[in-house]
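To be precise, the following lines are upload21.cif, and they hold mmCIF, C-alpha atoms, pLDDT in the B column; chains and numbers go by the auth columns.
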data_input
#
loop_
_atom_site.group_PDB
_atom_site.id
_atom_site.type_symbol
_atom_site.label_atom_id
_atom_site.label_comp_id
_atom_site.label_asym_id
_atom_site.label_seq_id
_atom_site.Cartn_x
_atom_site.Cartn_y
_atom_site.Cartn_z
_atom_site.B_iso_or_equiv
_atom_site.auth_seq_id
_atom_site.auth_asym_id
ATOM 1 C CA MET A 1 6.893 -32.005 -13.982 49.00 1 A
ATOM 2 C CA THR A 2 5.182 -28.630 -13.841 53.00 2 A
ATOM 3 C CA ASP A 3 4.926 -26.660 -10.642 72.00 3 A
ATOM 4 C CA LYS A 4 1.583 -25.019 -9.984 91.00 4 A
ATOM 5 C CA LEU A 5 1.723 -21.280 -10.526 93.00 5 A
ATOM 6 C CA PRO A 6 0.715 -19.056 -7.599 96.00 6 A
ATOM 7 C CA PHE A 7 -2.768 -17.576 -7.732 97.00 7 A
ATOM 8 C CA TRP A 8 -1.600 -14.022 -8.466 96.00 8 A
ATOM 9 C CA LYS A 9 -0.063 -15.262 -11.711 95.00 9 A
ATOM 10 C CA THR A 10 -3.152 -17.135 -12.860 95.00 10 A
ATOM 11 C CA LYS A 11 -6.114 -15.086 -11.615 96.00 11 A
ATOM 12 C CA THR A 12 -7.327 -11.578 -12.197 95.00 12 A
ATOM 13 C CA LEU A 13 -8.155 -9.450 -9.189 97.00 13 A
ATOM 14 C CA THR A 14 -11.863 -10.097 -9.711 96.00 14 A
ATOM 15 C CA GLU A 15 -11.319 -13.870 -9.791 97.00 15 A
ATOM 16 C CA MET A 16 -9.575 -13.981 -6.415 97.00 16 A
ATOM 17 C CA SER A 17 -11.191 -15.243 -3.248 97.00 17 A
ATOM 18 C CA GLN A 18 -11.446 -12.829 -0.328 95.00 18 A
ATOM 19 C CA GLN A 19 -8.511 -14.562 1.355 96.00 19 A
ATOM 20 C CA GLU A 20 -6.369 -14.313 -1.789 97.00 20 A
ATOM 21 C CA TRP A 21 -7.345 -10.655 -2.216 96.00 21 A
ATOM 22 C CA GLU A 22 -6.406 -9.772 1.355 95.00 22 A
ATOM 23 C CA SER A 23 -3.073 -11.605 1.063 97.00 23 A
ATOM 24 C CA LEU A 24 -2.034 -9.344 -1.827 97.00 24 A
ATOM 25 C CA CYS A 25 -1.528 -6.556 0.693 96.00 25 A
ATOM 26 C CA ASP A 26 2.187 -6.568 1.480 96.00 26 A
ATOM 27 C CA GLY A 27 1.744 -4.618 4.720 95.00 27 A
ATOM 28 C CA CYS A 28 3.813 -1.626 3.620 95.00 28 A
ATOM 29 C CA GLY A 29 1.344 0.941 5.003 96.00 29 A
ATOM 30 C CA LEU A 30 1.979 3.382 2.160 95.00 30 A
ATOM 31 C CA CYS A 31 -1.669 3.591 1.153 93.00 31 A
ATOM 32 C CA CYS A 32 -2.441 4.779 4.704 96.00 32 A
ATOM 33 C CA LEU A 33 -0.372 7.925 4.306 97.00 33 A
ATOM 34 C CA ASN A 34 -2.299 11.137 3.815 96.00 34 A
ATOM 35 C CA LYS A 35 -2.013 12.638 0.367 95.00 35 A
ATOM 36 C CA LEU A 36 -2.488 16.159 -0.922 95.00 36 A
ATOM 37 C CA GLU A 37 -4.038 16.817 -4.314 92.00 37 A
ATOM 38 C CA ASP A 38 -3.422 19.964 -6.299 91.00 38 A
ATOM 39 C CA TRP A 39 -6.892 21.147 -7.336 89.00 39 A
ATOM 40 C CA ASP A 40 -5.579 22.768 -10.513 92.00 40 A
ATOM 41 C CA THR A 41 -3.334 20.000 -11.850 91.00 41 A
ATOM 42 C CA GLY A 42 -4.702 16.901 -10.105 87.00 42 A
ATOM 43 C CA GLU A 43 -1.153 16.039 -9.028 90.00 43 A
ATOM 44 C CA VAL A 44 -1.039 13.955 -5.851 91.00 44 A
ATOM 45 C CA ALA A 45 1.720 14.328 -3.265 94.00 45 A
ATOM 46 C CA PHE A 46 2.344 11.852 -0.458 95.00 46 A
ATOM 47 C CA THR A 47 2.968 13.050 3.062 97.00 47 A
ATOM 48 C CA SER A 48 4.575 11.207 5.950 97.00 48 A
ATOM 49 C CA VAL A 49 1.420 11.916 7.944 98.00 49 A
ATOM 50 C CA ALA A 50 -0.274 8.593 8.608 97.00 50 A
ATOM 51 C CA CYS A 51 -3.883 7.747 9.268 97.00 51 A
ATOM 52 C CA THR A 52 -4.718 7.686 12.948 96.00 52 A
ATOM 53 C CA LEU A 53 -5.332 3.931 12.684 97.00 53 A
ATOM 54 C CA LEU A 54 -1.955 2.997 11.171 97.00 54 A
ATOM 55 C CA ASP A 55 0.346 1.159 13.546 96.00 55 A
ATOM 56 C CA ASP A 56 3.753 2.653 12.693 93.00 56 A
ATOM 57 C CA GLN A 57 5.604 -0.554 13.554 94.00 57 A
ATOM 58 C CA SER A 58 3.439 -3.263 11.991 94.00 58 A
ATOM 59 C CA CYS A 59 2.241 -0.949 9.174 95.00 59 A
ATOM 60 C CA ARG A 60 -1.205 -2.450 9.580 95.00 60 A
ATOM 61 C CA CYS A 61 -4.514 -0.880 10.463 95.00 61 A
ATOM 62 C CA ARG A 62 -5.338 -1.076 14.169 95.00 62 A
ATOM 63 C CA HIS A 63 -9.055 -1.600 13.397 94.00 63 A
ATOM 64 C CA TYR A 64 -9.057 -2.979 9.866 93.00 64 A
ATOM 65 C CA GLU A 65 -12.472 -4.654 9.938 91.00 65 A
ATOM 66 C CA SER A 66 -14.217 -1.623 11.475 93.00 66 A
ATOM 67 C CA ARG A 67 -11.983 1.131 10.075 94.00 67 A
ATOM 68 C CA LYS A 68 -14.890 2.945 8.393 91.00 68 A
ATOM 69 C CA ASP A 69 -16.446 3.422 11.844 93.00 69 A
ATOM 70 C CA PHE A 70 -13.347 5.379 12.893 94.00 70 A
ATOM 71 C CA VAL A 71 -12.296 6.882 9.546 93.00 71 A
ATOM 72 C CA PRO A 72 -15.377 7.214 7.312 92.00 72 A
ATOM 73 C CA GLU A 73 -13.305 8.662 4.455 92.00 73 A
ATOM 74 C CA CYS A 74 -11.028 5.599 4.322 93.00 74 A
ATOM 75 C CA ILE A 75 -10.821 4.445 0.717 91.00 75 A
ATOM 76 C CA GLN A 76 -11.435 0.731 0.422 89.00 76 A
ATOM 77 C CA LEU A 77 -9.606 -0.934 -2.426 92.00 77 A
ATOM 78 C CA THR A 78 -11.681 -3.193 -4.610 94.00 78 A
ATOM 79 C CA PRO A 79 -10.734 -5.123 -7.739 95.00 79 A
ATOM 80 C CA GLU A 80 -12.632 -2.511 -9.733 93.00 80 A
ATOM 81 C CA SER A 81 -11.037 0.527 -8.068 94.00 81 A
ATOM 82 C CA VAL A 82 -7.367 -0.486 -8.266 95.00 82 A
ATOM 83 C CA SER A 83 -6.935 0.796 -11.823 92.00 83 A
ATOM 84 C CA GLU A 84 -8.726 4.040 -10.941 92.00 84 A
ATOM 85 C CA ILE A 85 -6.527 5.027 -7.986 91.00 85 A
ATOM 86 C CA PRO A 86 -3.453 6.807 -9.346 86.00 86 A
ATOM 87 C CA TRP A 87 -1.665 7.144 -6.005 88.00 87 A
ATOM 88 C CA LEU A 88 -1.126 3.454 -5.289 91.00 88 A
ATOM 89 C CA PRO A 89 2.629 3.086 -4.858 89.00 89 A
ATOM 90 C CA PRO A 90 4.545 1.369 -7.678 88.00 90 A
ATOM 91 C CA THR A 91 5.304 -1.564 -5.362 92.00 91 A
ATOM 92 C CA CYS A 92 1.659 -2.222 -4.430 95.00 92 A
ATOM 93 C CA GLY A 93 0.736 -5.867 -4.980 96.00 93 A
ATOM 94 C CA TYR A 94 -2.741 -4.931 -6.166 97.00 94 A
ATOM 95 C CA ARG A 95 -1.327 -2.496 -8.712 95.00 95 A
ATOM 96 C CA LEU A 96 1.337 -4.943 -9.888 95.00 96 A
ATOM 97 C CA VAL A 97 -1.148 -7.769 -10.470 97.00 97 A
ATOM 98 C CA GLU A 98 -3.642 -5.422 -12.162 96.00 98 A
ATOM 99 C CA GLU A 99 -0.896 -4.270 -14.541 95.00 99 A
ATOM 100 C CA GLY A 100 0.240 -7.838 -15.283 94.00 100 A
ATOM 101 C CA HIS A 101 3.504 -7.701 -13.322 95.00 101 A
ATOM 102 C CA ASP A 102 4.913 -10.155 -10.805 95.00 102 A
ATOM 103 C CA LEU A 103 5.317 -9.455 -7.105 96.00 103 A
ATOM 104 C CA TYR A 104 8.686 -8.421 -5.694 95.00 104 A
ATOM 105 C CA TRP A 105 10.901 -10.910 -3.843 94.00 105 A
ATOM 106 C CA TRP A 106 10.175 -9.209 -0.512 94.00 106 A
ATOM 107 C CA HIS A 107 6.391 -9.541 -0.808 96.00 107 A
ATOM 108 C CA PRO A 108 5.200 -11.897 1.977 97.00 108 A
ATOM 109 C CA LEU A 109 3.492 -14.167 -0.578 97.00 109 A
ATOM 110 C CA VAL A 110 6.859 -14.687 -2.286 97.00 110 A
ATOM 111 C CA SER A 111 9.216 -14.600 0.705 96.00 111 A
ATOM 112 C CA GLY A 112 6.914 -16.366 3.142 97.00 112 A
ATOM 113 C CA ASP A 113 7.819 -13.762 5.759 97.00 113 A
ATOM 114 C CA PRO A 114 5.794 -10.605 6.546 95.00 114 A
ATOM 115 C CA GLU A 115 8.964 -8.895 7.800 95.00 115 A
ATOM 116 C CA THR A 116 10.770 -8.843 4.428 95.00 116 A
ATOM 117 C CA VAL A 117 8.764 -5.822 3.238 94.00 117 A
ATOM 118 C CA HIS A 118 10.222 -3.904 6.185 94.00 118 A
ATOM 119 C CA ALA A 119 13.723 -5.371 5.919 92.00 119 A
ATOM 120 C CA ALA A 120 13.834 -4.341 2.254 91.00 120 A
ATOM 121 C CA GLY A 121 13.005 -0.752 3.221 90.00 121 A
ATOM 122 C CA ILE A 122 9.746 -0.721 1.282 90.00 122 A
ATOM 123 C CA SER A 123 7.366 0.059 4.124 94.00 123 A
ATOM 124 C CA ALA A 124 6.413 3.143 6.077 95.00 124 A
ATOM 125 C CA ARG A 125 7.802 1.604 9.287 96.00 125 A
ATOM 126 C CA GLY A 126 9.401 4.299 11.435 95.00 126 A
ATOM 127 C CA ARG A 127 8.890 7.024 8.804 95.00 127 A
ATOM 128 C CA THR A 128 5.536 8.464 9.797 96.00 128 A
ATOM 129 C CA VAL A 129 3.870 10.844 12.179 97.00 129 A
ATOM 130 C CA SER A 130 0.243 10.378 13.191 97.00 130 A
ATOM 131 C CA GLU A 131 -2.383 12.722 11.847 97.00 131 A
ATOM 132 C CA ASP A 132 -3.446 13.080 15.473 97.00 132 A
ATOM 133 C CA VAL A 133 -0.476 15.369 16.128 97.00 133 A
ATOM 134 C CA VAL A 134 -0.331 17.373 12.877 97.00 134 A
ATOM 135 C CA ASP A 135 -2.733 20.119 11.867 97.00 135 A
ATOM 136 C CA VAL A 136 -4.164 19.642 8.385 95.00 136 A
ATOM 137 C CA GLU A 137 -2.889 23.114 7.506 96.00 137 A
ATOM 138 C CA ASP A 138 0.664 21.843 8.145 98.00 138 A
ATOM 139 C CA TYR A 139 0.519 18.719 5.928 97.00 139 A
ATOM 140 C CA GLU A 140 2.497 20.517 3.205 96.00 140 A
ATOM 141 C CA ASP A 141 5.454 20.543 5.609 97.00 141 A
ATOM 142 C CA TYR A 142 5.401 16.731 5.534 98.00 142 A
ATOM 143 C CA ILE A 143 5.432 16.102 1.760 97.00 143 A
ATOM 144 C CA VAL A 144 7.750 13.210 0.871 95.00 144 A
ATOM 145 C CA ASP A 145 8.636 11.365 -2.327 91.00 145 A
ATOM 146 C CA TRP A 146 9.872 8.064 -0.878 89.00 146 A
ATOM 147 C CA PRO A 147 6.502 6.265 -1.254 89.00 147 A
ATOM 148 C CA LEU A 148 6.894 6.611 -5.020 83.00 148 A
ATOM 149 C CA THR A 149 10.539 5.559 -5.143 78.00 149 A
ATOM 150 C CA VAL A 150 10.743 2.741 -2.571 63.00 150 A
ATOM 151 C CA GLY A 151 10.738 0.013 -5.235 59.00 151 A
ATOM 152 C CA GLU A 152 13.206 1.582 -7.655 56.00 152 A
ATOM 153 C CA GLY A 153 15.875 -0.910 -8.536 53.00 153 A
ATOM 154 C CA ALA A 154 14.219 -3.743 -6.641 58.00 154 A
ATOM 155 C CA GLU A 155 14.040 -6.982 -8.557 58.00 155 A
ATOM 156 C CA LYS A 156 10.806 -8.818 -8.995 53.00 156 A
ATOM 157 C CA ALA A 157 10.486 -12.483 -8.040 52.00 157 A
#
For this file, produce the structure as structure tokens.
Amino acid sequence: MTDKLPFWKTKTLTEMSQQEWESLCDGCGLCCLNKLEDWDTGEVAFTSVACTLLDDQSCRCRHYESRKDFVPECIQLTPESVSEIPWLPPTCGYRLVEEGHDLYWWHPLVSGDPETVHAAGISARGRTVSEDVVDVEDYEDYIVDWPLTVGEGAEKA
């Protein structure tokens, strides 16, 4: 008897339904952190400064469906753009599927629980400050490396 494989193991990002696509988001909130790019080298650094719309506890957007009305520069992930965005964290479900990897055990699609991403220490929960209280000129004071290392050593499902 063969168990049916989950959709993220059998479909490409472009083959997924809207519901499947949305469910790939693990709710870590890391993509909602402001980043700084070095104009000379192109190197991107994460900050702990979060978008004004990020709820620091749920790590979800407060106005997801209308976020562009509030934050016009919000970058919307699409199946086509995932491979072109170098700053997606190594644990990002979209990035993992695009690169042919499995999801981690704490991903809500694997665990069945949206809290496991937080319990595993993968998310931005409790680690951010809102961009509403930090001057753009001070973002360099908030550079962090944990968004790029949160999945190190974590086993995949």
Selection under test: the PyMOL selection byres ((chain A and resi 134) around 12); residues as a ChimeraX atom specification: /A:34,47-52,128-133,135-142
Could you check how far atom CA of Ser17 of chain A sits from atom CA of Ala124 of chain A, in Å to one decimal?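 Spanning atom CA of Ser17 of chain A to atom CA of Ala124 of chain A is a straight-line distance of 27.1 Å.
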Would you write out, as a VMD selection string, every residue that the PyMOL selection byres ((chain A and resi 82-85) around 9) captures in this file? chain A and resid 77 to 81 86 to 88 94 to 95 98 to 99
I'd like the residues picked by the PyMOL selection byres ((chain A and resi 103) around 9) written out as a PyMOL selection string, using the chain letters and numbers from the file. chain A and resi 8+91-93+96-97+101-102+104-107+109-110+156-157
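For the pair atom CA of Val44 of chain A and atom CA of His118 of chain A, the separation is 24.3 Å.
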Given the choices A:Arg127, A:Ser58, A:Asp69, A:Pro6, which gets closest to Asp26 of chain A if the distance is worked out from only C-alpha atoms?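 Looking only at the distances to Asp26 of chain A, the closest residue turns out to be A:Ser58.
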How many Å lie between atom CA of Cys32 of chain A and atom CA of Glu15 of chain A, rounded to one decimal?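 Between these atoms lies a distance of 25.2 Å.
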Radius query 6 Å about (-0.4, 2.1, 5.9), atoms used: all atoms listed in the file, as a PyMOL selection string: chain A and resi 29-32+54+59-60
So, with only C-alpha atoms as the atoms that count, which of A:Pro90, A:Val144, A:Gln57, A:Leu24 lies closest to Gly126 of chain A?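 Among the listed residues, A:Gln57 lies closest to Gly126 of chain A.
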For Cys28 of chain A, which of A:Thr149, A:Thr116, A:Thr12, A:Thr41 is the closest residue, counting only C-alpha atoms? A:Thr116
Closest to Cys25 of chain A among A:Glu43, A:Lys68, A:Pro89, A:Cys74, using all atoms listed in the file?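 Checking each of A:Glu43, A:Lys68, A:Pro89, A:Cys74 against Cys25 of chain A, counting all atoms listed in the file, the winner is A:Pro89.
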Pick out the closest residue to Glu22 of chain A from this set: A:Asp113, A:Asp145, A:Glu65, A:Asp40. Count only C-alpha atoms.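 The closest residue to Glu22 of chain A is A:Glu65.
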